[in-house]
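Peer 1: The file below is my_file33.txt, compact mmCIF, N, CA and C atoms:
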# COMPACT_ATOMS: atom_id res chain seq x y z
N MET A 83 5.35 -1.97 -27.90
CA MET A 83 4.43 -3.03 -27.53
C MET A 83 3.12 -2.39 -27.11
N ASP A 84 2.03 -2.74 -27.77
CA ASP A 84 0.71 -2.22 -27.45
C ASP A 84 -0.02 -3.25 -26.59
N LEU A 85 0.02 -3.05 -25.28
CA LEU A 85 -0.56 -4.02 -24.35
C LEU A 85 -2.07 -4.17 -24.54
N GLU A 86 -2.72 -3.09 -24.90
CA GLU A 86 -4.17 -3.14 -25.10
C GLU A 86 -4.50 -4.09 -26.25
N GLU A 87 -3.78 -3.96 -27.34
CA GLU A 87 -4.02 -4.81 -28.50
C GLU A 87 -3.63 -6.27 -28.21
N ILE A 88 -2.49 -6.46 -27.57
CA ILE A 88 -2.02 -7.81 -27.25
C ILE A 88 -2.99 -8.53 -26.33
N SER A 89 -3.59 -7.80 -25.38
CA SER A 89 -4.48 -8.44 -24.40
C SER A 89 -5.70 -9.09 -25.05
N GLN A 90 -6.08 -8.61 -26.23
CA GLN A 90 -7.24 -9.19 -26.92
C GLN A 90 -6.99 -10.65 -27.33
N ASN A 91 -5.72 -10.99 -27.58
CA ASN A 91 -5.38 -12.34 -28.04
C ASN A 91 -4.46 -13.09 -27.07
N HIS A 92 -4.36 -12.60 -25.87
CA HIS A 92 -3.47 -13.23 -24.90
C HIS A 92 -4.26 -13.46 -23.61
N PRO A 93 -4.78 -14.67 -23.40
CA PRO A 93 -5.67 -14.94 -22.26
C PRO A 93 -5.06 -14.63 -20.89
N ARG A 94 -3.77 -14.97 -20.68
CA ARG A 94 -3.16 -14.69 -19.37
C ARG A 94 -3.07 -13.20 -19.10
N LEU A 95 -2.69 -12.42 -20.11
CA LEU A 95 -2.62 -10.98 -19.95
C LEU A 95 -4.01 -10.41 -19.68
N LYS A 96 -4.99 -10.87 -20.43
CA LYS A 96 -6.37 -10.39 -20.25
C LYS A 96 -6.87 -10.70 -18.84
N ARG A 97 -6.62 -11.92 -18.34
CA ARG A 97 -7.03 -12.29 -16.98
C ARG A 97 -6.31 -11.42 -15.94
N GLY A 98 -5.04 -11.17 -16.17
CA GLY A 98 -4.27 -10.33 -15.24
C GLY A 98 -4.81 -8.91 -15.17
N ILE A 99 -5.15 -8.34 -16.32
CA ILE A 99 -5.72 -6.98 -16.36
C ILE A 99 -7.06 -6.96 -15.64
N GLU A 100 -7.90 -7.95 -15.93
CA GLU A 100 -9.21 -8.03 -15.26
C GLU A 100 -9.05 -8.17 -13.75
N HIS A 101 -8.12 -9.01 -13.33
CA HIS A 101 -7.87 -9.22 -11.91
C HIS A 101 -7.43 -7.92 -11.23
N GLU A 102 -6.47 -7.23 -11.82
CA GLU A 102 -5.97 -6.00 -11.22
C GLU A 102 -7.03 -4.90 -11.22
N ASN A 103 -7.83 -4.80 -12.26
CA ASN A 103 -8.91 -3.81 -12.27
C ASN A 103 -9.92 -4.08 -11.17
N LYS A 104 -10.20 -5.36 -10.94
CA LYS A 104 -11.14 -5.73 -9.88
C LYS A 104 -10.52 -5.44 -8.50
N ARG A 105 -9.26 -5.82 -8.33
CA ARG A 105 -8.56 -5.63 -7.04
C ARG A 105 -8.44 -4.15 -6.68
N LEU A 106 -8.21 -3.29 -7.66
CA LEU A 106 -7.97 -1.88 -7.40
C LEU A 106 -9.21 -1.01 -7.61
N ALA A 107 -10.35 -1.62 -7.89
CA ALA A 107 -11.59 -0.88 -8.13
C ALA A 107 -11.91 0.05 -6.96
N GLY A 108 -12.29 1.26 -7.28
CA GLY A 108 -12.67 2.22 -6.26
C GLY A 108 -11.51 2.99 -5.65
N CYS A 109 -10.30 2.67 -6.03
CA CYS A 109 -9.13 3.37 -5.48
C CYS A 109 -8.82 4.62 -6.30
N SER A 110 -8.39 5.64 -5.61
CA SER A 110 -7.99 6.88 -6.30
C SER A 110 -6.49 6.96 -6.49
N PHE A 111 -5.74 6.20 -5.67
CA PHE A 111 -4.28 6.21 -5.74
C PHE A 111 -3.78 4.78 -5.69
N ILE A 112 -2.84 4.46 -6.57
CA ILE A 112 -2.24 3.13 -6.52
C ILE A 112 -0.74 3.28 -6.26
N THR A 113 -0.20 2.29 -5.59
CA THR A 113 1.22 2.31 -5.24
C THR A 113 1.96 1.34 -6.16
N VAL A 114 3.06 1.82 -6.69
CA VAL A 114 3.81 1.08 -7.70
C VAL A 114 5.29 1.10 -7.34
N GLU A 115 5.96 0.00 -7.61
CA GLU A 115 7.40 -0.09 -7.42
C GLU A 115 8.03 -0.54 -8.73
N THR A 116 9.09 0.13 -9.14
CA THR A 116 9.90 -0.35 -10.26
C THR A 116 11.29 -0.66 -9.72
N ARG A 117 11.89 -1.71 -10.28
CA ARG A 117 13.22 -2.12 -9.84
C ARG A 117 14.15 -2.26 -11.03
N TYR A 118 15.36 -1.84 -10.81
CA TYR A 118 16.45 -2.00 -11.77
C TYR A 118 17.59 -2.56 -10.94
N GLU A 119 17.85 -3.86 -11.08
CA GLU A 119 18.82 -4.52 -10.21
C GLU A 119 19.93 -5.16 -11.05
N VAL A 120 21.16 -4.81 -10.71
CA VAL A 120 22.32 -5.37 -11.38
C VAL A 120 23.15 -6.10 -10.34
N ASP A 121 23.42 -7.37 -10.59
CA ASP A 121 24.30 -8.13 -9.70
C ASP A 121 25.08 -9.13 -10.53
N ILE A 122 25.68 -10.11 -9.87
CA ILE A 122 26.53 -11.07 -10.57
C ILE A 122 25.76 -11.88 -11.63
N ASP A 123 24.45 -12.00 -11.46
CA ASP A 123 23.62 -12.74 -12.42
C ASP A 123 23.19 -11.91 -13.62
N GLY A 124 23.41 -10.62 -13.57
CA GLY A 124 23.02 -9.76 -14.69
C GLY A 124 22.01 -8.71 -14.26
N LEU A 125 21.19 -8.30 -15.19
CA LEU A 125 20.22 -7.22 -15.00
C LEU A 125 18.81 -7.78 -14.90
N MET A 126 18.05 -7.24 -13.96
CA MET A 126 16.64 -7.58 -13.85
C MET A 126 15.85 -6.29 -13.68
N GLU A 127 14.84 -6.09 -14.50
CA GLU A 127 13.95 -4.95 -14.36
C GLU A 127 12.55 -5.48 -14.11
N SER A 128 11.80 -4.80 -13.23
CA SER A 128 10.45 -5.26 -12.94
C SER A 128 9.57 -4.10 -12.50
N VAL A 129 8.27 -4.33 -12.61
CA VAL A 129 7.24 -3.40 -12.14
C VAL A 129 6.29 -4.20 -11.28
N GLN A 130 5.85 -3.61 -10.18
CA GLN A 130 4.86 -4.27 -9.33
C GLN A 130 3.85 -3.25 -8.83
N LEU A 131 2.58 -3.57 -8.96
CA LEU A 131 1.50 -2.76 -8.39
C LEU A 131 1.23 -3.32 -7.01
N HIS A 132 1.40 -2.49 -5.99
CA HIS A 132 1.26 -3.00 -4.63
C HIS A 132 -0.17 -2.92 -4.11
N ASP A 133 -0.65 -1.74 -3.87
CA ASP A 133 -1.97 -1.61 -3.25
C ASP A 133 -2.65 -0.35 -3.74
N GLY A 134 -3.93 -0.27 -3.50
CA GLY A 134 -4.71 0.91 -3.86
C GLY A 134 -5.25 1.57 -2.60
N PHE A 135 -5.39 2.89 -2.67
CA PHE A 135 -5.85 3.67 -1.53
C PHE A 135 -6.81 4.75 -1.99
N ALA A 136 -7.68 5.15 -1.09
CA ALA A 136 -8.57 6.28 -1.36
C ALA A 136 -7.88 7.60 -1.03
N ASP A 137 -6.86 7.53 -0.18
CA ASP A 137 -6.18 8.73 0.32
C ASP A 137 -4.70 8.71 -0.05
N GLU A 138 -4.21 9.82 -0.63
CA GLU A 138 -2.81 9.90 -1.05
C GLU A 138 -1.85 9.83 0.13
N VAL A 139 -2.19 10.43 1.25
CA VAL A 139 -1.32 10.43 2.42
C VAL A 139 -1.08 9.00 2.91
N LEU A 140 -2.13 8.20 2.94
CA LEU A 140 -1.98 6.80 3.35
C LEU A 140 -1.13 6.02 2.35
N ALA A 141 -1.29 6.30 1.07
CA ALA A 141 -0.52 5.62 0.04
C ALA A 141 0.97 5.95 0.19
N ILE A 142 1.29 7.20 0.43
CA ILE A 142 2.70 7.59 0.61
C ILE A 142 3.28 6.95 1.86
N ALA A 143 2.53 6.93 2.94
CA ALA A 143 3.01 6.30 4.18
C ALA A 143 3.28 4.82 3.95
N TYR A 144 2.41 4.17 3.22
CA TYR A 144 2.58 2.74 2.90
C TYR A 144 3.89 2.51 2.13
N LEU A 145 4.15 3.35 1.13
CA LEU A 145 5.36 3.15 0.33
C LEU A 145 6.63 3.51 1.08
N LYS A 146 6.55 4.46 1.99
CA LYS A 146 7.74 4.77 2.80
C LYS A 146 8.11 3.54 3.64
N GLU A 147 7.11 2.90 4.23
CA GLU A 147 7.36 1.70 5.02
C GLU A 147 7.87 0.57 4.13
N LEU A 148 7.27 0.41 2.96
CA LEU A 148 7.70 -0.63 2.03
C LEU A 148 9.14 -0.42 1.59
N SER A 149 9.53 0.82 1.34
CA SER A 149 10.90 1.07 0.90
C SER A 149 11.91 0.74 2.00
N ASP A 150 11.56 0.99 3.24
CA ASP A 150 12.45 0.61 4.34
C ASP A 150 12.57 -0.91 4.46
N LYS A 151 11.47 -1.63 4.27
CA LYS A 151 11.51 -3.09 4.30
C LYS A 151 12.33 -3.64 3.13
N THR A 152 12.22 -2.99 1.98
CA THR A 152 12.99 -3.41 0.81
C THR A 152 14.47 -3.31 1.09
N LEU A 153 14.88 -2.22 1.69
CA LEU A 153 16.29 -2.02 2.06
C LEU A 153 16.75 -3.15 2.97
N ALA A 154 15.98 -3.42 4.00
CA ALA A 154 16.37 -4.44 4.98
C ALA A 154 16.45 -5.83 4.33
N SER A 155 15.52 -6.14 3.46
CA SER A 155 15.49 -7.48 2.85
C SER A 155 16.62 -7.69 1.85
N HIS A 156 17.17 -6.62 1.32
CA HIS A 156 18.27 -6.75 0.36
C HIS A 156 19.64 -6.56 1.02
N HIS A 157 19.64 -6.41 2.34
CA HIS A 157 20.90 -6.20 3.06
C HIS A 157 21.72 -5.12 2.37
N SER A 158 21.04 -4.04 2.03
CA SER A 158 21.64 -2.97 1.25
C SER A 158 21.83 -1.72 2.10
N THR A 159 22.57 -0.80 1.55
CA THR A 159 22.76 0.50 2.16
C THR A 159 22.29 1.54 1.16
N TRP A 160 21.40 2.41 1.59
CA TRP A 160 20.97 3.47 0.68
C TRP A 160 22.14 4.40 0.44
N ILE A 161 22.45 4.65 -0.81
CA ILE A 161 23.53 5.58 -1.12
C ILE A 161 22.99 6.90 -1.66
N GLU A 162 21.71 6.90 -1.97
CA GLU A 162 21.09 8.15 -2.43
C GLU A 162 19.60 8.08 -2.20
N ASP A 163 19.04 9.17 -1.77
CA ASP A 163 17.60 9.31 -1.60
C ASP A 163 17.18 10.52 -2.41
N ASP A 164 16.38 10.32 -3.44
CA ASP A 164 15.87 11.47 -4.19
C ASP A 164 14.83 12.19 -3.35
N ALA A 165 14.78 13.48 -3.52
CA ALA A 165 13.74 14.25 -2.83
C ALA A 165 12.38 13.87 -3.42
N TYR A 166 11.38 13.97 -2.61
CA TYR A 166 10.03 13.71 -3.10
C TYR A 166 9.63 14.83 -4.05
N TYR A 167 8.87 14.50 -5.06
CA TYR A 167 8.33 15.55 -5.91
C TYR A 167 7.02 15.08 -6.49
N THR A 168 6.25 16.02 -6.95
CA THR A 168 4.96 15.72 -7.56
C THR A 168 4.95 16.25 -8.98
N GLU A 169 4.55 15.41 -9.92
CA GLU A 169 4.37 15.85 -11.29
C GLU A 169 2.90 16.20 -11.43
N SER A 170 2.61 17.47 -11.61
CA SER A 170 1.22 17.92 -11.56
C SER A 170 0.37 17.42 -12.72
N GLU A 171 0.95 17.22 -13.89
CA GLU A 171 0.15 16.82 -15.05
C GLU A 171 -0.58 15.50 -14.81
N ASN A 172 0.13 14.49 -14.33
CA ASN A 172 -0.48 13.19 -14.09
C ASN A 172 -0.74 12.92 -12.61
N LYS A 173 -0.47 13.90 -11.75
CA LYS A 173 -0.62 13.75 -10.31
C LYS A 173 0.14 12.52 -9.83
N ILE A 174 1.45 12.55 -10.07
CA ILE A 174 2.30 11.44 -9.65
C ILE A 174 3.21 11.93 -8.55
N THR A 175 3.16 11.28 -7.42
CA THR A 175 4.12 11.54 -6.35
C THR A 175 5.16 10.44 -6.46
N ARG A 176 6.42 10.82 -6.51
CA ARG A 176 7.45 9.83 -6.78
C ARG A 176 8.67 10.08 -5.92
N TRP A 177 9.32 9.00 -5.55
CA TRP A 177 10.66 9.12 -5.01
C TRP A 177 11.42 7.85 -5.36
N SER A 178 12.71 7.99 -5.42
CA SER A 178 13.56 6.85 -5.77
C SER A 178 14.61 6.67 -4.70
N ARG A 179 15.06 5.47 -4.57
CA ARG A 179 16.17 5.17 -3.68
C ARG A 179 17.15 4.30 -4.45
N ILE A 180 18.41 4.62 -4.33
CA ILE A 180 19.44 3.80 -4.94
C ILE A 180 20.14 3.05 -3.82
N ALA A 181 20.30 1.77 -3.99
CA ALA A 181 20.93 0.96 -2.95
C ALA A 181 22.19 0.31 -3.50
N ALA A 182 23.20 0.24 -2.67
CA ALA A 182 24.42 -0.49 -3.02
C ALA A 182 24.45 -1.77 -2.21
N THR A 183 24.78 -2.88 -2.84
CA THR A 183 24.83 -4.15 -2.12
C THR A 183 26.22 -4.76 -2.27
N GLN A 184 26.56 -5.56 -1.31
CA GLN A 184 27.79 -6.35 -1.37
C GLN A 184 27.39 -7.78 -1.06
N ASP A 185 27.23 -8.59 -2.07
CA ASP A 185 26.88 -9.99 -1.88
C ASP A 185 27.93 -10.86 -2.54
N TYR A 186 28.40 -11.86 -1.84
CA TYR A 186 29.33 -12.84 -2.39
C TYR A 186 30.56 -12.19 -3.00
N GLY A 187 31.01 -11.09 -2.42
CA GLY A 187 32.21 -10.43 -2.91
C GLY A 187 32.02 -9.63 -4.17
N TYR A 188 30.79 -9.51 -4.63
CA TYR A 188 30.52 -8.76 -5.86
C TYR A 188 29.62 -7.59 -5.53
N GLY A 189 29.98 -6.42 -5.95
CA GLY A 189 29.15 -5.24 -5.68
C GLY A 189 28.01 -5.14 -6.67
N GLY A 190 26.83 -4.97 -6.17
CA GLY A 190 25.66 -4.81 -7.03
C GLY A 190 25.15 -3.38 -6.97
N TYR A 191 24.25 -3.08 -7.85
CA TYR A 191 23.65 -1.76 -7.92
C TYR A 191 22.15 -1.96 -8.11
N ASN A 192 21.37 -1.36 -7.25
CA ASN A 192 19.92 -1.49 -7.35
C ASN A 192 19.30 -0.11 -7.32
N ARG A 193 18.30 0.08 -8.16
CA ARG A 193 17.52 1.31 -8.09
C ARG A 193 16.07 0.90 -7.90
N PHE A 194 15.54 1.30 -6.75
CA PHE A 194 14.13 1.04 -6.44
C PHE A 194 13.40 2.37 -6.53
N SER A 195 12.39 2.43 -7.35
CA SER A 195 11.59 3.65 -7.46
C SER A 195 10.18 3.32 -6.99
N PHE A 196 9.64 4.19 -6.17
CA PHE A 196 8.32 3.99 -5.59
C PHE A 196 7.43 5.15 -6.02
N TYR A 197 6.24 4.82 -6.48
CA TYR A 197 5.33 5.83 -7.01
C TYR A 197 3.96 5.72 -6.35
N VAL A 198 3.32 6.86 -6.20
CA VAL A 198 1.91 6.90 -5.89
C VAL A 198 1.27 7.59 -7.10
N LYS A 199 0.43 6.86 -7.80
CA LYS A 199 -0.17 7.40 -9.02
C LYS A 199 -1.66 7.61 -8.83
N LYS A 200 -2.12 8.77 -9.25
CA LYS A 200 -3.55 9.08 -9.20
C LYS A 200 -4.23 8.42 -10.39
N VAL A 201 -5.29 7.70 -10.11
CA VAL A 201 -6.04 7.01 -11.16
C VAL A 201 -7.52 7.29 -10.97
N LYS A 202 -8.28 7.10 -12.02
CA LYS A 202 -9.74 7.24 -11.88
C LYS A 202 -10.42 6.42 -12.95
N GLY A 203 -11.66 6.15 -12.69
CA GLY A 203 -12.44 5.39 -13.64
C GLY A 203 -12.54 3.93 -13.24
N PRO A 204 -13.52 3.25 -13.78
CA PRO A 204 -13.72 1.85 -13.44
C PRO A 204 -12.62 0.95 -13.99
N GLU A 205 -11.99 1.36 -15.08
CA GLU A 205 -10.91 0.57 -15.67
C GLU A 205 -9.58 1.26 -15.41
N ILE A 206 -8.94 0.87 -14.31
CA ILE A 206 -7.68 1.50 -13.93
C ILE A 206 -6.56 1.07 -14.87
N ILE A 207 -6.48 -0.23 -15.17
CA ILE A 207 -5.44 -0.74 -16.05
C ILE A 207 -5.95 -0.66 -17.48
N GLY A 208 -5.33 0.20 -18.25
CA GLY A 208 -5.72 0.41 -19.64
C GLY A 208 -4.74 1.35 -20.30
N PRO A 209 -5.06 1.86 -21.50
CA PRO A 209 -4.12 2.69 -22.26
C PRO A 209 -3.57 3.89 -21.48
N LYS A 210 -4.41 4.57 -20.72
CA LYS A 210 -3.94 5.72 -19.96
C LYS A 210 -2.92 5.30 -18.90
N PHE A 211 -3.18 4.17 -18.27
CA PHE A 211 -2.27 3.64 -17.26
C PHE A 211 -0.93 3.27 -17.89
N TYR A 212 -0.96 2.58 -19.03
CA TYR A 212 0.28 2.17 -19.69
C TYR A 212 1.15 3.37 -20.04
N SER A 213 0.51 4.48 -20.41
CA SER A 213 1.28 5.66 -20.80
C SER A 213 2.04 6.28 -19.62
N MET A 214 1.69 5.90 -18.39
CA MET A 214 2.41 6.40 -17.22
C MET A 214 3.77 5.71 -17.06
N PHE A 215 4.01 4.66 -17.83
CA PHE A 215 5.24 3.87 -17.71
C PHE A 215 5.95 3.75 -19.05
N PRO A 216 6.39 4.84 -19.63
CA PRO A 216 7.06 4.73 -20.93
C PRO A 216 8.32 3.87 -20.82
N GLY A 217 8.47 2.96 -21.79
CA GLY A 217 9.63 2.08 -21.80
C GLY A 217 9.53 0.89 -20.87
N LYS A 218 8.43 0.73 -20.16
CA LYS A 218 8.27 -0.38 -19.21
C LYS A 218 7.18 -1.36 -19.65
N GLU A 219 6.88 -1.38 -20.95
CA GLU A 219 5.81 -2.24 -21.44
C GLU A 219 6.08 -3.72 -21.16
N ARG A 220 7.33 -4.17 -21.39
CA ARG A 220 7.67 -5.57 -21.16
C ARG A 220 7.51 -5.93 -19.68
N GLU A 221 7.95 -5.03 -18.79
CA GLU A 221 7.84 -5.29 -17.36
C GLU A 221 6.38 -5.32 -16.92
N LEU A 222 5.55 -4.42 -17.47
CA LEU A 222 4.11 -4.45 -17.16
C LEU A 222 3.48 -5.74 -17.68
N PHE A 223 3.85 -6.13 -18.88
CA PHE A 223 3.34 -7.37 -19.46
C PHE A 223 3.66 -8.55 -18.54
N ASN A 224 4.92 -8.66 -18.12
CA ASN A 224 5.32 -9.76 -17.24
C ASN A 224 4.56 -9.73 -15.92
N TYR A 225 4.41 -8.56 -15.34
CA TYR A 225 3.68 -8.45 -14.07
C TYR A 225 2.22 -8.86 -14.25
N LEU A 226 1.55 -8.29 -15.24
CA LEU A 226 0.12 -8.54 -15.43
C LEU A 226 -0.15 -10.00 -15.79
N CYS A 227 0.74 -10.63 -16.55
CA CYS A 227 0.54 -12.04 -16.90
C CYS A 227 0.63 -12.94 -15.65
N GLY A 228 1.30 -12.46 -14.63
CA GLY A 228 1.43 -13.25 -13.41
C GLY A 228 0.30 -13.02 -12.40
N GLN A 229 -0.67 -12.20 -12.75
CA GLN A 229 -1.77 -11.90 -11.83
C GLN A 229 -3.01 -12.67 -12.23
N GLY A 230 -3.90 -12.84 -11.31
CA GLY A 230 -5.17 -13.50 -11.59
C GLY A 230 -5.04 -15.02 -11.60
N PRO A 231 -6.16 -15.69 -11.80
CA PRO A 231 -6.17 -17.16 -11.76
C PRO A 231 -5.50 -17.76 -12.99
N GLY A 232 -4.85 -18.90 -12.76
CA GLY A 232 -4.29 -19.76 -13.80
C GLY A 232 -3.45 -19.14 -14.80
What does the file become when written as structure tokens?
Peer 2:
Amino acid sequence: MDLEEISQNHPRLKRGIEHENKRLAGCSFITVETRYEVDIDGLMESVQLHDGFADEVLAIAYLKELSDKTLASHHSTWIEDDAYYTESENKITRWSRIAATQDYGYGGYNRFSFYVKKVKGPEIIGPKFYSMFPGKERELFNYLCGQGPG
């Protein structure tokens, strides 16, 4: 799926991209969450862009707090915490948490991944950004279509 090409003929996607570029303008680091959730209803995958920051340390602190709130809101228990690491090529700081849930007598499995991604340029959301999420084009499309007016 080529989101850049699709956005030319898809007004909601185009508005979402414009909205997110405006919202994150001037930021050097953006915070991103991906979710892979399996429960009695099936599988749900999603991507969400949370906030932008000028400083990487602040962005990481924000996501650490967000990940703790995510755990609490899902009434889950962390069963694994990946060590933090940085991918130098794209300047990505990443960590993942796997949560186990017990809801309604059915065991679920959730993987929440939190990223701090280095970005630059006036157009943050574009081809270079999409390439940071291989295999997540549909999730990005769904997220971006839900942003911006109307």
Peer 1: Which residue out of A:Asp84, A:Phe135, A:Arg193, A:Lys96 has the minimum interatomic distance to Lys210 (chain A) when only C-alpha atoms are used?
Peer 2: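 Nearest to Lys210 (chain A): A:Asp84.
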Peer 1: Please provide as a list in words all residues within 7 Å of Tyr118 (chain A), with the sequence filter that same-chain residues fewer than 4 positions apart are discarded (counting only C-alpha atoms).
Peer 2: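 After dropping sequence-adjacent residues, the list is Met126, Glu127, Ser128, Asn192, Arg193 and Phe194 of chain A.
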Peer 1: Between CA of Thr113 (chain A) and CA of Ala136 (chain A), what is the spacing in Å?
Peer 2: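 Between these atoms lies a distance of 11.3 Å.
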Peer 1: One number please: CA of His92 (chain A) to CA of Gly124 (chain A), in Å, one decimal.
Peer 2: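 Distance between the two atoms: 28.6 Å.
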Peer 1: Nearest residue to Phe223 (chain A) out of A:Val129, A:Leu106, A:Val139, A:Ile207, using all atoms listed in the file?
Peer 2: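 Looking at the shortest contact to Phe223 (chain A), the residue is A:Val129.
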Peer 1: How far is it from CA of Leu125 (chain A) to CA of Arg94 (chain A), in Å with one decimal?
Peer 2: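 The value is 24.9 Å.
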Peer 1: With a distance cut-off of 8 Å and all atoms listed in the file, select the neighbouring residues of Gly208 (chain A), excluding the residue or stretch itself and same-chain residues fewer than 4 positions from it, and output the selection as a ChimeraX atom specification.
Peer 2: /A:85-86,99,212-213
Peer 1: What would the list of residues within 9 Å of (3.6, -4.5, -10.2) (file frame) look like as a PyMOL selection string, if only C-alpha atoms are what count?
Peer 2: chain A and resi 113-116+128-132+221-222+224-226
Peer 1: With only C-alpha atoms as the atoms that count, which of A:Arg117, A:Glu138, A:Lys200, A:Phe111 lies nearest to Lys218 (chain A)?
Peer 2: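 Looking at the shortest contact to Lys218 (chain A), the residue is A:Arg117.
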Peer 1: Please determine, counting only C-alpha atoms, which residue among A:Ala107, A:Leu95, A:Ile88, A:Ala141 has the shortest atom-to-atom distance to Glu205 (chain A).
Peer 2: A:Ala107
